[in-house]
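Trainee: Got work-v7.json for you, JSON, C-alpha atoms:
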[["chain", "number", "residue", "atom", "x", "y", "z"],
["A", 19, "ALA", "CA", 76.22, 3.61, -60.21],
["A", 20, "PRO", "CA", 73.53, 3.39, -57.49],
["A", 21, "ALA", "CA", 71.20, 6.37, -57.24],
["A", 22, "PRO", "CA", 71.93, 8.65, -54.30],
["A", 23, "ALA", "CA", 69.68, 8.08, -51.29],
["A", 24, "PRO", "CA", 66.97, 10.73, -50.93],
["A", 25, "ALA", "CA", 67.57, 13.32, -48.31],
["A", 26, "PRO", "CA", 65.59, 12.61, -45.10],
["A", 27, "ALA", "CA", 62.45, 14.68, -44.69],
["A", 28, "PRO", "CA", 62.68, 17.34, -42.02],
["A", 29, "ALA", "CA", 61.17, 16.15, -38.72],
["A", 30, "ALA", "CA", 57.78, 17.60, -37.91],
["A", 31, "ALA", "CA", 57.79, 20.05, -35.11],
["A", 32, "ALA", "CA", 56.61, 18.39, -31.90],
["A", 33, "ALA", "CA", 53.39, 19.67, -30.43],
["A", 34, "PRO", "CA", 54.01, 21.75, -27.34],
["A", 35, "ALA", "CA", 53.65, 19.72, -24.15],
["A", 36, "ALA", "CA", 50.78, 20.50, -21.80],
["A", 37, "MET", "CA", 51.03, 20.82, -18.06],
["A", 38, "PRO", "CA", 49.19, 18.10, -16.06],
["A", 39, "SER", "CA", 46.44, 20.43, -14.82],
["A", 40, "ALA", "CA", 45.89, 21.68, -18.37],
["A", 41, "ARG", "CA", 45.69, 18.12, -19.73],
["A", 42, "LYS", "CA", 43.07, 17.13, -17.16],
["A", 43, "ILE", "CA", 40.78, 20.11, -17.85],
["A", 44, "ALA", "CA", 41.13, 19.65, -21.61],
["A", 45, "ALA", "CA", 40.36, 15.93, -21.37],
["A", 46, "ASP", "CA", 37.23, 16.55, -19.31],
["A", 47, "ALA", "CA", 36.03, 19.09, -21.86],
["A", 48, "GLY", "CA", 36.95, 17.00, -24.92],
["A", 49, "LEU", "CA", 39.51, 19.55, -26.10],
["A", 50, "ASP", "CA", 42.73, 18.62, -27.94],
["A", 51, "THR", "CA", 45.68, 20.61, -26.53],
["A", 52, "ALA", "CA", 47.72, 20.00, -29.70],
["A", 53, "GLY", "CA", 45.92, 22.88, -31.39],
["A", 54, "LEU", "CA", 46.60, 25.37, -28.63],
["A", 55, "ALA", "CA", 49.40, 27.89, -28.43],
["A", 56, "GLY", "CA", 51.19, 27.50, -25.12],
["A", 57, "SER", "CA", 52.15, 30.50, -23.05],
["A", 58, "GLY", "CA", 54.23, 28.58, -20.51],
["A", 59, "LYS", "CA", 57.96, 28.00, -20.39],
["A", 60, "GLY", "CA", 59.18, 26.37, -23.57],
["A", 61, "GLY", "CA", 55.77, 26.81, -25.19],
["A", 62, "ARG", "CA", 54.01, 24.50, -22.75],
["A", 63, "VAL", "CA", 50.20, 24.71, -22.63],
["A", 64, "THR", "CA", 49.05, 25.98, -19.25],
["A", 65, "LYS", "CA", 45.78, 25.68, -17.37],
["A", 66, "GLY", "CA", 45.06, 29.30, -18.28],
["A", 67, "ASP", "CA", 45.53, 28.55, -21.98],
["A", 68, "VAL", "CA", 42.92, 25.77, -21.82],
["A", 69, "LEU", "CA", 40.43, 27.88, -19.88],
["A", 70, "SER", "CA", 40.83, 30.75, -22.33],
["A", 71, "ALA", "CA", 40.28, 28.41, -25.26],
["A", 72, "LEU", "CA", 37.13, 26.98, -23.70],
["A", 73, "ALA", "CA", 35.78, 30.45, -23.00],
["A", 74, "ALA", "CA", 36.42, 31.66, -26.53],
["A", 75, "PRO", "CA", 33.31, 31.28, -28.76],
["A", 76, "ALA", "CA", 35.43, 30.22, -31.73],
["A", 77, "VAL", "CA", 36.90, 27.20, -29.90],
["A", 78, "ALA", "CA", 34.47, 24.62, -28.55],
["A", 79, "PRO", "CA", 34.89, 20.99, -27.43],
["A", 80, "ALA", "CA", 34.65, 18.29, -30.09],
["A", 81, "SER", "CA", 35.29, 20.68, -32.97],
["A", 82, "GLY", "CA", 32.23, 22.79, -32.20],
["A", 83, "ARG", "CA", 29.75, 19.92, -32.66],
["A", 84, "GLU", "CA", 28.98, 19.51, -28.95],
["A", 85, "GLU", "CA", 27.95, 21.83, -26.17],
["A", 86, "ARG", "CA", 28.41, 20.96, -22.50],
["A", 87, "VAL", "CA", 25.86, 22.57, -20.18],
["A", 88, "LYS", "CA", 25.47, 21.87, -16.49],
["A", 89, "MET", "CA", 22.05, 20.53, -15.51],
["A", 90, "THR", "CA", 19.83, 22.86, -13.53],
["A", 91, "ARG", "CA", 18.83, 21.80, -10.03],
["A", 92, "LEU", "CA", 15.26, 21.31, -11.24],
["A", 93, "ARG", "CA", 16.37, 19.05, -14.10],
["A", 94, "GLN", "CA", 18.59, 17.05, -11.72],
["A", 95, "ARG", "CA", 15.66, 16.59, -9.34],
["A", 96, "ILE", "CA", 13.36, 15.51, -12.18],
["A", 97, "ALA", "CA", 15.93, 12.96, -13.34],
["A", 98, "GLU", "CA", 16.31, 11.56, -9.81],
["A", 99, "ARG", "CA", 12.56, 11.17, -9.28],
["A", 100, "LEU", "CA", 11.91, 9.56, -12.66],
["A", 101, "LYS", "CA", 14.74, 7.08, -12.18],
["A", 102, "ALA", "CA", 13.50, 6.30, -8.67],
["A", 103, "ALA", "CA", 10.03, 5.56, -10.06],
["A", 104, "GLN", "CA", 11.48, 3.05, -12.53],
["A", 105, "ASN", "CA", 13.71, 1.41, -9.93],
["A", 106, "ASN", "CA", 11.19, 1.11, -7.09],
["A", 107, "ALA", "CA", 7.79, 0.48, -8.70],
["A", 108, "ALA", "CA", 6.53, -2.50, -10.71],
["A", 109, "MET", "CA", 5.28, -0.11, -13.37],
["A", 110, "LEU", "CA", 2.82, -1.19, -16.03],
["A", 111, "THR", "CA", 0.65, 0.77, -18.49],
["A", 112, "THR", "CA", -2.82, 0.05, -19.84],
["A", 113, "PHE", "CA", -4.44, 1.93, -22.74],
["A", 114, "ASN", "CA", -7.91, 2.86, -23.91],
["A", 115, "GLU", "CA", -9.44, 5.46, -26.20],
["A", 116, "VAL", "CA", -12.20, 7.95, -25.62],
["A", 117, "ASP", "CA", -14.66, 9.59, -28.01],
["A", 118, "MET", "CA", -14.55, 13.35, -27.26],
["A", 119, "THR", "CA", -17.70, 14.21, -29.26],
["A", 120, "ALA", "CA", -20.03, 14.78, -26.30],
["A", 121, "LEU", "CA", -17.43, 16.79, -24.42],
["A", 122, "PHE", "CA", -16.76, 18.98, -27.46],
["A", 123, "GLU", "CA", -20.47, 19.67, -27.88],
["A", 124, "LEU", "CA", -20.95, 20.49, -24.20],
["A", 125, "ARG", "CA", -17.94, 22.78, -24.15],
["A", 126, "ASN", "CA", -18.94, 24.62, -27.33],
["A", 127, "ARG", "CA", -22.43, 25.12, -25.96],
["A", 128, "TYR", "CA", -21.41, 26.67, -22.65],
["A", 129, "LYS", "CA", -17.86, 28.00, -22.98],
["A", 130, "ASP", "CA", -18.81, 31.65, -23.61],
["A", 131, "GLY", "CA", -21.25, 31.85, -20.72],
["A", 132, "PHE", "CA", -18.86, 29.92, -18.48],
["A", 133, "GLU", "CA", -15.98, 32.31, -19.14],
["A", 134, "LYS", "CA", -18.20, 35.37, -18.71],
["A", 135, "LYS", "CA", -19.51, 34.15, -15.36],
["A", 136, "HIS", "CA", -16.37, 32.65, -13.84],
["A", 137, "GLY", "CA", -13.58, 34.63, -15.51],
["A", 138, "VAL", "CA", -11.77, 31.52, -16.73],
["A", 139, "LYS", "CA", -11.99, 29.40, -19.88],
["A", 140, "LEU", "CA", -13.79, 26.08, -19.83],
["A", 141, "GLY", "CA", -11.14, 23.56, -20.78],
["A", 142, "PHE", "CA", -11.00, 19.79, -20.91],
["A", 143, "MET", "CA", -8.84, 19.37, -17.82],
["A", 144, "SER", "CA", -11.63, 20.03, -15.32],
["A", 145, "PHE", "CA", -13.65, 17.19, -16.87],
["A", 146, "PHE", "CA", -10.70, 14.82, -16.69],
["A", 147, "VAL", "CA", -10.01, 15.82, -13.08],
["A", 148, "LYS", "CA", -13.62, 15.17, -12.15],
["A", 149, "ALA", "CA", -13.67, 11.89, -14.11],
["A", 150, "CYS", "CA", -10.51, 10.74, -12.31],
["A", 151, "VAL", "CA", -11.93, 11.66, -8.89],
["A", 152, "ALA", "CA", -15.05, 9.60, -9.64],
["A", 153, "ALA", "CA", -12.91, 6.65, -10.74],
["A", 154, "LEU", "CA", -10.59, 6.98, -7.71],
["A", 155, "LYS", "CA", -13.58, 6.79, -5.38],
["A", 156, "GLU", "CA", -14.68, 3.58, -7.10],
["A", 157, "TRP", "CA", -11.18, 2.06, -7.24],
["A", 158, "PRO", "CA", -9.37, 3.37, -4.10],
["A", 159, "ALA", "CA", -6.17, 1.37, -4.70],
["A", 160, "VAL", "CA", -5.27, 3.79, -7.50],
["A", 161, "ASN", "CA", -5.37, 6.60, -4.91],
["A", 162, "ALA", "CA", -3.21, 4.70, -2.42],
["A", 163, "GLU", "CA", 0.53, 4.34, -1.83],
["A", 164, "ILE", "CA", 2.96, 1.86, -0.32],
["A", 165, "ASP", "CA", 4.85, 2.74, 2.87],
["A", 166, "GLY", "CA", 7.15, -0.10, 3.82],
["A", 167, "ASP", "CA", 4.93, -3.13, 4.40],
["A", 168, "GLU", "CA", 1.75, -1.06, 4.70],
["A", 169, "LEU", "CA", -0.76, 0.32, 2.21],
["A", 170, "ILE", "CA", -2.07, 3.84, 2.80],
["A", 171, "TYR", "CA", -5.55, 4.35, 1.35],
["A", 172, "LYS", "CA", -6.23, 8.07, 1.03],
["A", 173, "LYS", "CA", -9.74, 9.39, 1.43],
["A", 174, "TYR", "CA", -8.92, 12.77, -0.04],
["A", 175, "TYR", "CA", -8.28, 13.68, -3.67],
["A", 176, "ASP", "CA", -5.37, 16.01, -4.34],
["A", 177, "ILE", "CA", -4.76, 15.80, -8.08],
["A", 178, "GLY", "CA", -1.39, 16.76, -9.55],
["A", 179, "VAL", "CA", -1.60, 18.39, -12.98],
["A", 180, "ALA", "CA", 1.66, 18.25, -14.95],
["A", 181, "VAL", "CA", 2.65, 21.63, -16.41],
["A", 182, "GLY", "CA", 5.50, 22.22, -18.86],
["A", 183, "THR", "CA", 7.71, 25.24, -18.18],
["A", 184, "PRO", "CA", 10.90, 26.53, -19.83],
["A", 185, "GLN", "CA", 12.81, 25.06, -16.88],
["A", 186, "GLY", "CA", 11.20, 21.61, -17.05],
["A", 187, "LEU", "CA", 8.10, 19.66, -16.11],
["A", 188, "VAL", "CA", 6.49, 20.48, -12.75],
["A", 189, "VAL", "CA", 3.39, 19.00, -11.12],
["A", 190, "PRO", "CA", 1.42, 21.48, -8.99],
["A", 191, "VAL", "CA", -1.40, 19.98, -6.96],
["A", 192, "VAL", "CA", -5.10, 20.85, -7.06],
["A", 193, "ARG", "CA", -6.12, 20.30, -3.44],
["A", 194, "GLY", "CA", -9.49, 18.82, -2.56],
["A", 195, "ALA", "CA", -10.49, 18.37, -6.20],
["A", 196, "ASP", "CA", -13.58, 16.44, -5.10],
["A", 197, "THR", "CA", -14.89, 19.50, -3.25],
["A", 198, "LEU", "CA", -14.37, 21.96, -6.10],
["A", 199, "SER", "CA", -16.83, 22.85, -8.84],
["A", 200, "PHE", "CA", -15.80, 22.68, -12.49],
["A", 201, "ALA", "CA", -15.16, 26.42, -12.33],
["A", 202, "GLY", "CA", -13.12, 25.98, -9.15],
["A", 203, "VAL", "CA", -10.93, 23.35, -10.79],
["A", 204, "GLU", "CA", -10.35, 25.52, -13.88],
["A", 205, "GLN", "CA", -9.52, 28.56, -11.74],
["A", 206, "GLU", "CA", -7.07, 26.60, -9.62],
["A", 207, "ILE", "CA", -5.36, 25.07, -12.67],
["A", 208, "ALA", "CA", -5.07, 28.49, -14.33],
["A", 209, "ALA", "CA", -3.57, 30.05, -11.19],
["A", 210, "LEU", "CA", -1.09, 27.21, -10.65],
["A", 211, "GLY", "CA", -0.11, 27.19, -14.33],
["A", 212, "LYS", "CA", 0.68, 30.92, -14.23],
["A", 213, "LYS", "CA", 2.76, 30.52, -11.08],
["A", 214, "ALA", "CA", 4.61, 27.60, -12.70],
["A", 215, "ARG", "CA", 5.49, 29.62, -15.79],
["A", 216, "ASP", "CA", 6.60, 32.54, -13.60],
["A", 217, "GLY", "CA", 8.71, 30.24, -11.41],
["A", 218, "LYS", "CA", 6.74, 31.17, -8.28],
["A", 219, "LEU", "CA", 5.39, 27.80, -7.16],
["A", 220, "THR", "CA", 6.04, 26.90, -3.53],
["A", 221, "MET", "CA", 7.10, 23.49, -2.28],
["A", 222, "ALA", "CA", 3.69, 23.12, -0.62],
["A", 223, "GLU", "CA", 2.04, 23.50, -4.03],
["A", 224, "LEU", "CA", 4.28, 20.81, -5.55],
["A", 225, "THR", "CA", 4.01, 18.08, -2.91],
["A", 226, "GLY", "CA", 1.38, 15.82, -1.41],
["A", 227, "GLY", "CA", -0.63, 14.83, -4.49],
["A", 228, "THR", "CA", -2.45, 11.49, -4.50],
["A", 229, "PHE", "CA", -2.79, 11.04, -8.30],
["A", 230, "THR", "CA", -1.39, 12.82, -11.37],
["A", 231, "ILE", "CA", -2.72, 13.78, -14.81],
["A", 232, "SER", "CA", -0.28, 14.57, -17.63],
["A", 233, "ASN", "CA", -1.35, 15.98, -20.99],
["A", 234, "GLY", "CA", 1.21, 15.22, -23.67],
["A", 235, "GLY", "CA", -1.41, 15.99, -26.29],
["A", 236, "VAL", "CA", -0.70, 19.71, -26.04],
["A", 237, "TYR", "CA", 2.69, 18.93, -27.65],
["A", 238, "GLY", "CA", 1.18, 16.65, -30.30],
["A", 239, "SER", "CA", 1.82, 13.28, -28.62],
["A", 240, "LEU", "CA", -0.51, 10.60, -30.00],
["A", 241, "MET", "CA", 0.40, 7.90, -27.46],
["A", 242, "SER", "CA", 2.91, 7.52, -24.63],
["A", 243, "THR", "CA", 3.53, 5.69, -21.36],
["A", 244, "PRO", "CA", 3.70, 8.25, -18.54],
["A", 245, "ILE", "CA", 6.08, 7.62, -15.63],
["A", 246, "LEU", "CA", 4.76, 7.49, -12.06],
["A", 247, "ASN", "CA", 5.19, 10.45, -9.75],
["A", 248, "PRO", "CA", 6.44, 8.77, -6.51],
["A", 249, "PRO", "CA", 5.06, 7.85, -4.04],
["A", 250, "GLN", "CA", 1.82, 7.87, -6.06],
["A", 251, "SER", "CA", 0.60, 4.62, -7.56],
["A", 252, "GLY", "CA", -1.10, 5.93, -10.69],
["A", 253, "ILE", "CA", -0.82, 8.57, -13.42],
["A", 254, "LEU", "CA", -3.17, 9.26, -16.33],
["A", 255, "GLY", "CA", -1.73, 10.32, -19.67],
["A", 256, "MET", "CA", -3.92, 12.37, -22.02],
["A", 257, "HIS", "CA", -2.98, 12.68, -25.68],
["A", 258, "LYS", "CA", -3.72, 14.48, -28.92],
["A", 259, "VAL", "CA", -7.33, 14.52, -30.15],
["A", 260, "GLN", "CA", -7.41, 13.15, -33.69],
["A", 261, "GLN", "CA", -10.25, 12.50, -36.13],
["A", 262, "ARG", "CA", -10.44, 8.75, -36.81],
["A", 263, "PRO", "CA", -12.99, 6.55, -38.59],
["A", 264, "MET", "CA", -15.06, 4.66, -36.00],
["A", 265, "VAL", "CA", -17.71, 1.97, -36.41],
["A", 266, "MET", "CA", -20.92, 3.26, -34.82],
["A", 267, "PRO", "CA", -23.53, 1.10, -33.00],
["A", 268, "ASP", "CA", -25.67, 0.91, -36.15],
["A", 269, "GLY", "CA", -22.72, -0.36, -38.21],
["A", 270, "SER", "CA", -22.08, 2.92, -40.03],
["A", 271, "ILE", "CA", -18.65, 4.51, -40.09],
["A", 272, "ALA", "CA", -18.16, 8.09, -38.95],
["A", 273, "ALA", "CA", -15.20, 10.37, -38.29],
["A", 274, "ARG", "CA", -14.99, 11.02, -34.53],
["A", 275, "PRO", "CA", -12.59, 13.08, -32.41],
["A", 276, "MET", "CA", -10.70, 10.36, -30.53],
["A", 277, "MET", "CA", -8.08, 10.52, -27.79],
["A", 278, "TYR", "CA", -5.86, 7.72, -26.52],
["A", 279, "LEU", "CA", -5.67, 7.47, -22.73],
["A", 280, "ALA", "CA", -2.86, 5.73, -20.85],
["A", 281, "LEU", "CA", -2.82, 4.72, -17.20],
["A", 282, "SER", "CA", 0.56, 3.82, -15.76],
["A", 283, "TYR", "CA", 0.28, 2.15, -12.39],
["A", 284, "ASP", "CA", 2.27, 0.35, -9.70],
["A", 285, "HIS", "CA", 1.43, -3.34, -10.10],
["A", 286, "ARG", "CA", 2.54, -4.02, -6.51],
["A", 287, "ILE", "CA", -0.64, -2.37, -5.24],
["A", 288, "ILE", "CA", -2.98, -2.17, -8.27],
["A", 289, "ASP", "CA", -4.14, -5.30, -10.08],
["A", 290, "GLY", "CA", -4.78, -5.35, -13.81],
["A", 291, "ARG", "CA", -8.54, -5.62, -13.29],
["A", 292, "GLU", "CA", -8.54, -2.51, -11.12],
["A", 293, "ALA", "CA", -6.38, -0.56, -13.58],
["A", 294, "VAL", "CA", -8.50, -1.44, -16.60],
["A", 295, "SER", "CA", -11.75, -0.77, -14.72],
["A", 296, "PHE", "CA", -10.44, 2.58, -13.51],
["A", 297, "LEU", "CA", -9.61, 3.64, -17.06],
["A", 298, "VAL", "CA", -13.00, 2.49, -18.36],
["A", 299, "ARG", "CA", -14.66, 4.56, -15.60],
["A", 300, "VAL", "CA", -12.72, 7.65, -16.76],
["A", 301, "LYS", "CA", -13.70, 6.92, -20.38],
["A", 302, "ASP", "CA", -17.38, 6.64, -19.43],
["A", 303, "GLY", "CA", -17.28, 9.97, -17.60],
["A", 304, "ILE", "CA", -15.75, 11.78, -20.57],
["A", 305, "GLU", "CA", -18.02, 10.21, -23.19],
["A", 306, "ASP", "CA", -21.11, 10.99, -21.07],
["A", 307, "PRO", "CA", -20.26, 14.17, -19.06],
["A", 308, "SER", "CA", -23.73, 14.22, -17.49],
["A", 309, "ARG", "CA", -22.54, 11.31, -15.33],
["A", 310, "LEU", "CA", -19.95, 13.61, -13.77],
["A", 311, "LEU", "CA", -22.51, 16.32, -13.07],
["A", 312, "LEU", "CA", -24.95, 13.84, -11.51],
["A", 313, "GLU", "CA", -22.16, 11.80, -9.82],
["A", 314, "VAL", "CA", -23.46, 8.49, -11.18]]
So that I can check it, write out the structure of this file as structure tokens.

Mentor:
Amino acid sequence: APAPAPAPAPAAAAAPAAMPSARKIAADAGLDTAGLAGSGKGGRVTKGDVLSALAAPAVAPASGREERVKMTRLRQRIAERLKAAQNNAAMLTTFNEVDMTALFELRNRYKDGFEKKHGVKLGFMSFFVKACVAALKEWPAVNAEIDGDELIYKKYYDIGVAVGTPQGLVVPVVRGADTLSFAGVEQEIAALGKKARDGKLTMAELTGGTFTISNGGVYGSLMSTPILNPPQSGILGMHKVQQRPMVMPDGSIAARPMMYLALSYDHRIIDGREAVSFLVRVKDGIEDPSRLLLEV
């Protein structure tokens, strides 16, 4: 006789239906409503059920492996400006490297007396600001900008110095850098950096720069391509100082503190010859700081 047919398995209980508003919120947040207990009529999942689940620390979208955080206004503004720079400029980057030996020796020799006299530490940034100002005077296209079908050549030198804060990267401007002493540059950078970290920078202190310097080396970056700060046409990227073997003029090999430099520029206004020459001028000023002091 044929074997009796097996009894059908009991049907699985259907997941409670979700109301349309609840489904939309859950979908946007990546939350599966099937795992929620519904408090609506007939066990339906309501909008309130979804919101409660999202607010509960034990229930997070995508099984707790993702976190959705709204961008701050500063981060949104940074994203807009960086994307605009890529879309609008013909951006190109040229690289060089600089031997920091002479600058290290000069700084070590005078840093204590400098700080005692001026109340601020003698850093590297003042030398790079001064080296950039000297190079900008020699190659004015790097200090210019495009406005429609016109080029604006600026005969003043307001240097933006990128500063990292917990809220994001900001670029306060050192006004009239060509008129300041090394101590004046260091004092201005220290004051702007403190205001940046305290979130007290004004819009006037963040706008109007003609050229920007960014130092990714403080975070350990060995080489990068900085993005332009519109409407500026050039930005210098400083990087980590690293001991590397270098062939000296006499043919010997010595370990030297080397830094890669990167100049990103708008090729619509700056030619390759100008960009490379500008970067070489900065390199010369850093490797022989006396040139900056004598303005030669």

Trainee: Excluding same-chain residues fewer than 3 positions from A:Thr51, what lies within 8 Å of it counting all atoms listed in the file, as a VMD selection string?

Mentor: chain A and resid 36 41 44 54 63 68

Trainee: Stretch 289-292 of chain A: which residues within 9 Å, counting all atoms listed in the file, same-chain residues fewer than 4 positions away excluded, as a ChimeraX atom specification?

Mentor: /A:110,112,157,159-160,283-285,296-297

Trainee: Store the residues of this selection in a file with C-alpha atoms, as a compact mmCIF listing (two decimals), keeping the file's coordinate frame.

Mentor:
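Generated output (part29.txt):
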# COMPACT_ATOMS: atom_id res chain seq x y z
CA LEU A 110 2.82 -1.19 -16.03
CA THR A 112 -2.82 0.05 -19.84
CA TRP A 157 -11.18 2.06 -7.24
CA ALA A 159 -6.17 1.37 -4.70
CA VAL A 160 -5.27 3.79 -7.50
CA TYR A 283 0.28 2.15 -12.39
CA ASP A 284 2.27 0.35 -9.70
CA HIS A 285 1.43 -3.34 -10.10
CA PHE A 296 -10.44 2.58 -13.51
CA LEU A 297 -9.61 3.64 -17.06

Trainee: At what distance in Å, to one decimal, does atom CA of A:Gly182 lie from atom CA of A:Arg125?

Mentor: 24.0 Å

Trainee: For a quick check of understanding, using all atoms listed in the file, which of A:Leu121, A:Ala71, A:Ala52, A:Met256 has the smallest distance to A:Asp306?

Mentor: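 When distances to A:Asp306 are compared using all atoms listed in the file, the smallest one comes from A:Leu121.
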
Trainee: Separation of atom CA of A:Glu84 and atom CA of A:Val181, in Å?

Mentor: 29.2 Å

Trainee: Counting only C-alpha atoms, find residues at most 9 Å from (-16.3, 29.5, -21.3) (file frame) and give them as a ChimeraX atom specification.

Mentor: /A:125-141

Trainee: Counting only C-alpha atoms, which residue out of A:Gly255, A:Gly202, A:Gly60, A:Gly211 sits closest to A:Asn114?

Mentor: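 Result for the nearest residue to A:Asn114: A:Gly255.
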